[in-house]
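*Asks:* Enclosed is the structure file final15.cif (mmCIF, C-alpha atoms).
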data_structure
loop_
_atom_site.label_atom_id
_atom_site.label_comp_id
_atom_site.auth_asym_id
_atom_site.auth_seq_id
_atom_site.Cartn_x
_atom_site.Cartn_y
_atom_site.Cartn_z
CA MET A 945 100.36 111.65 154.13
CA ARG A 946 97.61 109.09 154.16
CA ASN A 947 97.85 106.20 151.81
CA HIS A 948 94.49 105.36 150.35
CA PRO A 949 93.98 101.72 149.43
CA PRO A 950 93.97 101.29 145.68
CA HIS A 951 90.48 101.23 144.28
CA ILE A 952 89.99 97.97 142.46
CA THR A 953 87.73 98.23 139.44
CA ARG A 954 86.78 94.98 137.77
CA ARG A 955 86.20 95.31 134.07
CA ARG A 956 83.05 93.54 133.07
CA ILE A 957 83.56 91.31 130.07
CA TYR A 958 80.70 91.28 127.65
CA PHE A 959 82.09 89.70 124.48
CA ILE A 960 82.65 86.25 125.88
CA ASN A 961 81.83 83.76 123.21
CA PRO A 962 82.47 84.84 119.60
CA ARG A 963 80.85 81.68 118.26
CA PHE A 964 77.61 82.19 120.17
CA GLN A 965 77.29 85.98 120.34
CA GLY A 966 78.98 86.58 116.97
CA GLY A 967 77.08 83.76 115.30
CA THR A 968 73.74 85.12 116.50
CA ALA A 969 74.69 88.62 115.36
CA LEU A 970 75.55 87.20 111.92
CA LEU A 971 72.16 85.49 111.73
CA PHE A 972 70.38 88.75 112.52
CA ALA A 973 72.63 90.60 110.06
CA PHE A 974 71.63 88.15 107.34
CA LEU A 975 67.93 88.75 108.09
CA VAL A 976 68.36 92.54 108.02
CA ALA A 977 70.32 92.37 104.76
CA LEU A 978 67.74 90.05 103.22
CA GLY A 979 64.89 92.33 104.33
CA GLY A 980 66.73 95.36 102.96
CA ALA A 981 67.37 93.62 99.63
CA VAL A 982 63.72 92.61 99.23
CA PHE A 983 62.58 96.10 100.21
CA TRP A 984 65.01 97.69 97.75
CA TRP A 985 63.92 95.36 94.94
CA ARG A 986 60.20 95.99 95.55
CA ILE A 987 60.28 99.72 96.27
CA ASP A 988 62.68 100.51 93.45
CA ARG A 989 60.26 99.04 90.94
CA GLU A 990 57.08 100.36 92.52
CA LEU A 991 58.20 103.91 93.30
CA GLY A 992 59.69 104.41 89.84
CA GLN A 993 56.51 103.08 88.30
CA ALA A 994 54.30 105.32 90.46
CA LEU A 995 56.31 108.43 89.63
CA GLN A 996 56.33 107.64 85.91
CA GLU A 997 52.60 107.03 85.93
CA ILE A 998 51.86 110.30 87.70
CA SER A 999 54.17 112.24 85.36
CA LEU A 1000 52.34 110.85 82.36
CA ARG A 1001 48.88 111.50 83.80
CA GLY A 1002 49.39 115.25 83.78
CA HIS A 1003 47.04 116.27 86.59
CA TYR A 1004 49.53 117.49 89.11
CA SER A 1005 47.78 118.38 92.31
CA MET A 1006 50.65 117.35 94.62
CA LYS A 1007 53.34 119.52 96.16
CA SER A 1008 56.01 116.80 96.35
CA ALA A 1009 56.73 113.29 95.11
CA HIS A 1010 56.26 112.06 98.65
CA GLU A 1011 52.55 112.80 98.41
CA VAL A 1012 52.35 110.37 95.49
CA VAL A 1013 54.16 107.48 97.11
CA ARG A 1014 53.32 108.15 100.79
CA ASP A 1015 50.90 105.25 101.30
CA LEU A 1016 52.91 102.80 99.24
CA LEU A 1017 56.10 103.72 101.07
CA ALA A 1018 54.43 103.53 104.47
CA TRP A 1019 53.09 100.04 103.80
CA ARG A 1020 56.41 98.81 102.47
CA LEU A 1021 58.23 100.22 105.51
CA VAL A 1022 55.74 98.56 107.86
CA ALA A 1023 56.15 95.31 105.94
CA LEU A 1024 59.95 95.61 106.15
CA PHE A 1025 59.85 96.15 109.91
CA ALA A 1026 57.29 93.41 110.52
CA GLY A 1027 59.06 90.91 108.27
CA VAL A 1028 62.52 91.44 109.70
CA TYR A 1029 61.30 91.66 113.30
CA LEU A 1030 59.12 88.56 113.12
CA ALA A 1031 61.88 86.59 111.44
CA GLY A 1032 64.40 87.90 114.01
CA ALA A 1033 62.11 87.03 116.91
CA ALA A 1034 61.53 83.56 115.47
CA VAL A 1035 65.29 83.04 115.07
CA PHE A 1036 65.88 84.20 118.64
CA LEU A 1037 63.19 81.91 120.05
CA LEU A 1038 64.44 78.93 118.04
CA LEU A 1039 67.97 79.63 119.19
CA LEU A 1040 66.76 79.87 122.76
CA ARG A 1041 64.94 76.56 122.40
CA ALA A 1042 68.08 74.85 121.10
CA ILE A 1043 70.16 76.34 123.91
CA LEU A 1044 67.64 75.33 126.56
CA LEU A 1045 67.54 71.82 125.14
CA GLY A 1046 71.33 71.61 125.34
CA ALA A 1047 71.38 73.07 128.85
CA ALA A 1048 68.65 70.68 130.02
CA ARG A 1049 70.67 67.74 128.70
CA ALA A 1050 73.80 68.94 130.48
CA VAL A 1051 71.83 69.36 133.72
CA GLY A 1052 70.35 65.86 133.28
CA THR A 1053 73.84 64.42 132.79
CA LEU A 1054 75.16 66.19 135.90
CA ARG A 1055 72.22 64.93 137.98
CA ALA A 1056 72.73 61.39 136.69
CA SER A 1057 76.43 61.74 137.55
CA ALA A 1058 75.51 62.61 141.14
CA GLU A 1059 73.56 59.35 141.23
CA GLY A 1060 76.54 57.36 139.97
CA ASP A 1061 76.11 57.27 136.20
CA LEU A 1062 79.41 58.53 134.85
CA SER A 1063 79.51 56.56 131.63
CA THR A 1064 76.35 57.44 129.68
CA PRO A 1065 77.39 60.21 127.27
CA THR A 1066 75.58 63.54 127.30
CA PRO A 1067 72.98 63.42 124.51
CA THR A 1068 73.87 65.64 121.58
CA GLY A 1069 71.60 67.82 119.46
CA GLY A 1070 70.29 71.32 119.97
CA SER A 1071 72.90 74.00 120.49
CA ALA A 1072 76.43 73.46 119.17
CA GLU A 1073 77.80 75.32 122.19
CA PHE A 1074 76.17 72.88 124.60
CA ASN A 1075 77.24 69.92 122.47
CA ARG A 1076 80.81 71.08 122.94
CA PHE A 1077 80.21 71.59 126.65
CA GLY A 1078 78.62 68.13 126.86
CA LYS A 1079 81.78 66.58 125.38
CA GLN A 1080 83.93 68.46 127.87
CA LEU A 1081 81.66 67.34 130.69
CA ASP A 1082 81.85 63.73 129.48
CA GLY A 1083 85.63 64.04 129.57
CA ALA A 1084 85.51 65.15 133.22
CA ARG A 1085 83.07 62.35 134.09
CA GLY A 1086 85.25 59.81 132.30
CA GLU A 1087 88.33 60.93 134.25
CA THR A 1088 86.39 60.70 137.50
CA LEU A 1089 85.09 57.24 136.64
CA MET A 1090 88.61 56.06 135.81
CA LEU A 1091 89.89 57.29 139.16
CA LEU A 1092 86.99 55.70 141.06
CA ARG A 1093 87.48 52.40 139.23
CA GLU A 1094 91.18 52.52 140.01
CA ILE A 1095 90.44 53.11 143.70
CA ARG A 1096 87.83 50.37 143.72
CA GLY A 1097 90.17 47.91 142.01
CA GLU A 1098 93.00 48.74 144.37
CA ALA A 1099 90.72 48.38 147.42
CA ALA A 1100 89.50 44.99 146.18
CA SER A 1101 93.00 43.77 145.41
CA LEU A 1102 94.33 44.95 148.76
CA ALA A 1103 91.46 43.38 150.70
CA SER A 1104 91.79 39.99 149.09
CA GLY A 1105 95.45 39.85 148.04
CA ASN A 1106 96.92 39.25 151.49
CA PRO A 1107 100.16 41.19 150.86
CA PRO A 1108 102.92 41.38 153.49
CA PRO A 1109 102.31 44.04 156.20
CA GLU A 1110 104.88 46.56 154.83
CA GLU A 1111 103.50 46.41 151.34
CA PHE A 1112 99.95 46.51 152.71
CA ARG A 1113 100.71 49.70 154.65
CA LEU A 1114 102.34 51.35 151.64
CA ARG A 1115 99.43 50.53 149.35
CA TRP A 1116 96.93 51.54 152.04
CA ASP A 1117 98.55 55.00 152.25
CA GLY A 1118 98.66 55.21 148.47
CA LEU A 1119 94.97 54.40 148.31
CA LYS A 1120 94.16 57.12 150.82
CA GLU A 1121 96.09 59.58 148.71
CA LYS A 1122 94.13 58.55 145.63
CA ILE A 1123 90.84 58.96 147.53
CA ARG A 1124 91.93 62.47 148.50
CA GLY A 1125 92.20 63.17 144.78
CA ILE A 1126 88.44 62.66 144.24
CA ALA A 1127 86.85 66.03 143.44
CA PRO A 1128 89.75 68.15 144.73
CA MET B 60 63.12 72.44 134.49
CA ILE B 61 65.68 74.78 133.00
CA HIS B 62 64.42 78.01 131.49
CA VAL B 63 65.43 81.50 130.48
CA HIS B 64 63.83 84.20 132.63
CA ARG B 65 60.74 85.67 130.97
CA PRO B 66 61.73 89.33 131.68
CA TYR B 67 65.09 88.72 130.01
CA ARG B 68 63.41 87.15 126.99
CA LEU B 69 60.96 90.06 126.71
CA TRP B 70 63.75 92.57 127.22
CA PHE B 71 65.75 91.06 124.37
CA LEU B 72 62.77 90.88 122.01
CA THR B 73 61.81 94.48 122.84
CA ARG B 74 65.36 95.73 122.23
CA LEU B 75 65.46 93.78 118.98
CA GLY B 76 62.21 95.47 117.94
CA ILE B 77 63.56 98.89 118.91
CA ASN B 78 66.72 98.26 116.88
CA PHE B 79 64.83 97.22 113.77
CA ALA B 80 62.27 100.03 114.21
CA GLY B 81 65.13 102.52 114.55
CA GLY B 82 66.65 101.30 111.29
CA VAL B 83 63.32 101.51 109.49
CA ALA B 84 62.74 104.99 110.95
CA VAL B 85 66.09 106.19 109.55
CA LEU B 86 65.20 104.69 106.17
CA ALA B 87 61.80 106.43 106.29
CA VAL B 88 63.39 109.77 107.19
CA ILE B 89 65.96 109.58 104.37
CA LEU B 90 63.28 108.69 101.81
CA TYR B 91 60.98 111.39 103.19
CA LEU B 92 63.70 114.04 102.95
CA VAL B 93 64.46 113.08 99.35
CA LEU B 94 60.89 112.68 98.18
CA SER B 95 59.35 115.63 100.01
CA ARG B 96 61.35 118.29 98.18
CA PRO B 97 58.83 120.71 96.65
CA LEU B 98 58.17 120.16 93.00
CA PRO B 99 58.32 123.06 90.54
CA GLY B 100 55.04 124.83 89.75
CA ASP B 101 54.83 124.78 85.95
CA TYR B 102 53.74 121.75 83.96
CA SER B 103 56.86 120.96 81.94
CA ALA B 104 59.33 121.54 84.79
CA LEU B 105 57.24 119.31 87.02
CA TYR B 106 57.04 116.63 84.33
CA TYR B 107 60.80 116.56 83.89
CA SER B 108 61.38 116.79 87.60
CA LEU B 109 59.28 113.66 88.21
CA LEU B 110 60.99 111.82 85.37
CA THR B 111 64.43 112.79 86.66
CA LEU B 112 63.49 111.77 90.17
CA SER B 113 62.28 108.36 89.01
CA ALA B 114 65.59 107.91 87.14
CA PHE B 115 67.66 108.76 90.22
CA LEU B 116 65.43 106.90 92.59
CA ARG B 117 67.33 103.62 92.30
CA ARG B 118 70.52 105.20 93.63
CA ILE B 119 68.70 107.06 96.38
CA ILE B 120 66.88 103.96 97.53
CA ALA B 121 70.08 101.91 97.39
CA ILE B 122 71.91 104.40 99.61
CA SER B 123 69.04 104.68 102.09
CA VAL B 124 68.63 100.89 102.28
CA LEU B 125 72.39 100.58 102.80
CA ALA B 126 72.14 103.07 105.68
CA TYR B 127 69.27 101.05 107.14
CA VAL B 128 71.17 97.77 106.82
CA LEU B 129 74.37 99.14 108.36
CA LEU B 130 72.56 100.85 111.22
CA SER B 131 70.38 97.84 112.02
CA ILE B 132 73.28 95.38 111.79
CA GLY B 133 75.50 97.58 113.97
CA SER B 134 72.91 98.05 116.69
CA THR B 135 71.86 94.39 116.59
CA ALA B 136 75.48 93.25 116.84
CA LEU B 137 75.85 95.43 119.95
CA LEU B 138 72.64 93.96 121.33
CA CYS B 139 73.99 90.44 120.76
CA VAL B 140 77.23 91.29 122.54
CA PHE B 141 75.68 93.13 125.49
CA GLY B 142 72.43 91.15 125.67
CA LEU B 143 73.54 87.58 125.10
CA HIS B 144 76.44 87.65 127.56
CA LYS B 145 73.93 86.61 130.24
CA MET B 146 73.68 83.28 128.44
CA ALA B 147 77.21 83.07 127.04
CA GLY B 148 78.80 83.99 130.41
CA PRO B 149 77.49 81.05 132.47
CA LEU B 150 78.49 78.59 129.75
CA TYR B 151 81.98 80.12 129.56
CA ARG B 152 82.26 79.94 133.36
CA MET B 153 81.22 76.29 133.39
CA GLU B 154 83.76 75.46 130.68
CA ARG B 155 86.55 77.08 132.71
CA VAL B 156 85.43 75.23 135.85
CA ILE B 157 85.46 71.87 134.03
CA GLU B 158 88.89 72.68 132.58
CA GLY B 159 90.15 73.41 136.11
CA TYR B 160 88.58 70.18 137.36
CA LEU B 161 90.33 68.18 134.62
CA GLU B 162 93.63 69.81 135.52
CA GLY B 163 93.15 68.76 139.14
CA ALA B 164 92.67 72.27 140.52
CA SER B 165 90.56 72.75 143.61
CA THR B 166 86.94 73.15 142.52
CA ARG B 167 84.95 75.77 144.39
CA PRO B 168 81.15 75.93 144.27
CA VAL B 169 80.07 77.58 141.02
CA SER B 170 77.90 80.67 141.20
CA PHE B 171 76.87 82.96 138.38
CA ARG B 172 76.60 86.75 138.19
CA PRO B 173 73.28 88.35 139.14
CA GLY B 174 70.89 88.18 136.21
CA ASP B 175 72.74 85.33 134.48
CA GLN B 176 70.70 82.48 133.05
CA PHE B 177 71.03 78.69 133.55
CA GLU B 178 71.35 78.60 137.39
CA PRO B 179 70.27 74.91 137.39
CA LEU B 180 73.50 74.13 135.53
CA ALA B 181 75.59 75.50 138.40
CA GLU B 182 73.32 73.80 140.97
CA ALA B 183 73.60 70.43 139.20
CA PHE B 184 77.39 70.74 138.93
CA ASN B 185 77.69 71.74 142.59
CA GLY B 186 75.42 68.79 143.46
CA TRP B 187 77.65 66.34 141.60
CA ILE B 188 80.87 67.67 143.13
CA GLY B 189 79.16 67.75 146.54
CA THR B 190 78.20 64.06 146.23
CA LEU B 191 81.74 63.11 145.23
CA ARG B 192 83.15 65.02 148.18
CA LYS B 193 80.72 63.43 150.62
CA ASP B 194 81.76 60.02 149.30
CA ARG B 195 85.42 60.94 149.59
CA GLN B 196 84.94 62.09 153.16
CA ARG B 197 82.99 58.96 154.07
CA LEU B 198 85.68 56.68 152.60
CA LEU B 199 88.51 58.51 154.35
CA THR B 200 86.62 58.51 157.65
CA ARG B 201 86.05 54.77 157.36
CA MET B 202 89.73 54.14 156.62
CA GLU B 203 90.84 56.38 159.49
CA THR B 204 88.48 54.57 161.85
CA ALA B 205 90.14 51.30 160.84
CA GLU B 206 93.59 52.84 161.42
CA ARG B 207 92.62 53.78 164.96
CA LEU B 208 92.13 50.11 165.75
CA CYS B 209 95.81 49.52 164.96
CA LEU B 210 96.53 50.64 168.50
CA GLN B 211 95.18 47.20 169.45
CA ASP B 212 96.74 43.95 168.23
CA GLU B 213 98.03 43.48 164.66
CA ALA B 214 95.43 40.90 163.66
CA THR B 215 92.46 43.10 164.64
CA CYS B 216 94.06 46.03 162.83
CA ARG B 217 94.54 44.08 159.61
CA ALA B 218 91.04 42.58 159.77
CA GLU B 219 89.47 45.97 160.35
CA MET B 220 91.49 47.50 157.50
CA GLU B 221 90.38 44.76 155.14
CA ASN B 222 86.78 45.33 156.20
CA ALA B 223 87.21 49.04 155.47
CA LEU B 224 88.64 48.21 152.03
CA ARG B 225 85.66 45.99 151.25
CA GLU B 226 83.36 48.83 152.26
CA VAL B 227 85.29 51.21 150.01
CA GLU B 228 84.86 48.77 147.15
CA ALA B 229 81.14 48.37 147.87
CA GLU B 230 80.66 52.11 148.23
CA LEU B 231 82.27 52.78 144.85
CA SER B 232 80.35 50.03 143.08
CA ARG B 233 77.44 52.42 142.54
CA TYR B 234 79.57 54.34 140.04
CA HIS B 235 79.40 52.91 136.56
#
I'd like the structure from this file rewritten - as structure tokens, please.
*Replies:*
Amino acid sequence: MRNHPPHITRRRIYFINPRFQGGTALLFAFLVALGGAVFWWRIDRELGQALQEISLRGHYSMKSAHEVVRDLLAWRLVALFAGVYLAGAAVFLLLLRAILLGAARAVGTLRASAEGDLSTPTPTGGSAEFNRFGKQLDGARGETLMLLREIRGEAASLASGNPPPEEFRLRWDGLKEKIRGIAP
Amino acid sequence: MIHVHRPYRLWFLTRLGINFAGGVAVLAVILYLVLSRPLPGDYSALYYSLLTLSAFLRRIIAISVLAYVLLSIGSTALLCVFGLHKMAGPLYRMERVIEGYLEGASTRPVSFRPGDQFEPLAEAFNGWIGTLRKDRQRLLTRMETAERLCLQDEATCRAEMENALREVEAELSRYH
């Protein structure tokens, strides 16, 4: 009997960041609910009024109530769609702008780090998610800077301290080990 | 310059529009079905029918708007989950990589999934780690070169090692 290798299927994870994805969904939900509430408030008043007016007028040439309110309803539905969509699109674009601002700042910090600046904090502002990431990044840069300063200090002390040969050799090996710890 | 791909942006905005349009379409259909019922033929029945309809309208509209809200919110929530993971994913990946780096784990070059946004973030991180590794390699090479001279006399060895240490110090002085 042939043994087939097990077929590995990797589940793709979509719901990654509840704060970001869930927060955005909540924002859109608020817009939809707000649009629905405004629509309900307006149409409830206007449709009732239109039907009452037509019932009192007495000249009934329509086959259904829809004929009476068709235009009004159509305009209100178009307004509902346009209002919610435009507000949603604006929210999405603003969100995108904030995220891009945060991402650009993180990229700037990483590029500055490659040039040796490990102490200037990542500028905050824009997206909360990238602010959090910026803090985490600053933590990693701070750790790296501490290690590099430690290595530098040890190298300086060893070069000028004139320790006995045994101690020198031990500290030399220790320094090499520390250097190996840079960006493991 | 960091940016979000234009096709992705357009795709999201189009899907958002489709979601909202779908919700409005359902609302329109419900209201149409309720309001398009044929009215009775005679005068008094029609009069009362219109009055009754206007009295019940509030409830009908409330239910149809509720259906619209639930449908639009549900579909938009799904869009946020399935659409925004292309932005949330890279950030999550970067956070895990930084966590690993802080814990001292071996850091491999970061790459994102196809279609993910923010590639410059991964490139900048890889650039930083690459620079640190080049420096590390240079420092170790310099120290090993000095060690090789220890095969000669003790004084030359010590002098060369001290020179290497000064170079290490100078090399690291660019980090602040």
*Asks:* Evaluate the PyMOL selection byres ((chain B) within 6 of (chain A)) and record the selected residues as JSON, numbers by chain, following the chain and residue labels used in the document.
*Replies:* {"B": [61, 94, 95, 96, 97, 98, 106, 113, 117, 124, 128, 132, 136, 139, 140, 141, 144, 161, 165, 180, 183, 184, 187, 190, 221, 224, 228, 233, 234, 235]}
*Asks:* Just how far from atom CA of Asn185 of chain B is atom CA of Val169 of chain B, in Å to one decimal?
*Replies:*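 Separating atom CA of Val169 of chain B from atom CA of Asn185 of chain B is a distance of 6.5 Å.
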*Asks:* List every protein, DNA or RNA residue that has an atom no more than 12 Å from (62.1, 92.5, 122.0) in the file's coordinate frame, counting all atoms listed in the file, and report them as a list in words.
*Replies:*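 With a cut-off of 12 Å, the residues come to Tyr1029, Leu1030, Gly1032, Ala1033, Ala1034, Phe1036 and Leu1037 of chain A; Arg65, Pro66, Tyr67, Arg68, Leu69, Trp70, Phe71, Leu72, Thr73, Arg74, Leu75, Gly76, Ile77, Asn78, Phe79, Ala80, Thr135, Leu138 and Gly142 of chain B.
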*Asks:* Take the selection from the previous step and output its residues with C-alpha atoms, as an mmCIF file, in the frame of the given file.
*Replies:*
data_model
loop_
_atom_site.group_PDB
_atom_site.id
_atom_site.type_symbol
_atom_site.label_atom_id
_atom_site.label_comp_id
_atom_site.auth_asym_id
_atom_site.auth_seq_id
_atom_site.Cartn_x
_atom_site.Cartn_y
_atom_site.Cartn_z
ATOM 1 C CA TYR A 1029 61.300 91.660 113.300
ATOM 2 C CA LEU A 1030 59.120 88.560 113.120
ATOM 3 C CA GLY A 1032 64.400 87.900 114.010
ATOM 4 C CA ALA A 1033 62.110 87.030 116.910
ATOM 5 C CA ALA A 1034 61.530 83.560 115.470
ATOM 6 C CA PHE A 1036 65.880 84.200 118.640
ATOM 7 C CA LEU A 1037 63.190 81.910 120.050
ATOM 8 C CA ARG B 65 60.740 85.670 130.970
ATOM 9 C CA PRO B 66 61.730 89.330 131.680
ATOM 10 C CA TYR B 67 65.090 88.720 130.010
ATOM 11 C CA ARG B 68 63.410 87.150 126.990
ATOM 12 C CA LEU B 69 60.960 90.060 126.710
ATOM 13 C CA TRP B 70 63.750 92.570 127.220
ATOM 14 C CA PHE B 71 65.750 91.060 124.370
ATOM 15 C CA LEU B 72 62.770 90.880 122.010
ATOM 16 C CA THR B 73 61.810 94.480 122.840
ATOM 17 C CA ARG B 74 65.360 95.730 122.230
ATOM 18 C CA LEU B 75 65.460 93.780 118.980
ATOM 19 C CA GLY B 76 62.210 95.470 117.940
ATOM 20 C CA ILE B 77 63.560 98.890 118.910
ATOM 21 C CA ASN B 78 66.720 98.260 116.880
ATOM 22 C CA PHE B 79 64.830 97.220 113.770
ATOM 23 C CA ALA B 80 62.270 100.030 114.210
ATOM 24 C CA THR B 135 71.860 94.390 116.590
ATOM 25 C CA LEU B 138 72.640 93.960 121.330
ATOM 26 C CA GLY B 142 72.430 91.150 125.670
#
*Asks:* One number please: atom CA of Leu110 of chain B to atom CA of Gly82 of chain B, in Å, one decimal.
*Replies:*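 Pair atom CA of Leu110 of chain B / atom CA of Gly82 of chain B returns 28.5 Å.
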*Asks:* So which residues touch Pro168 of chain B within 10 Å, counting all atoms listed in the file, skipping near sequence neighbours fewer than 6 positions away, as a VMD selection string?
*Replies:* chain B and resid 156 181 to 182 184 to 186 188 to 189
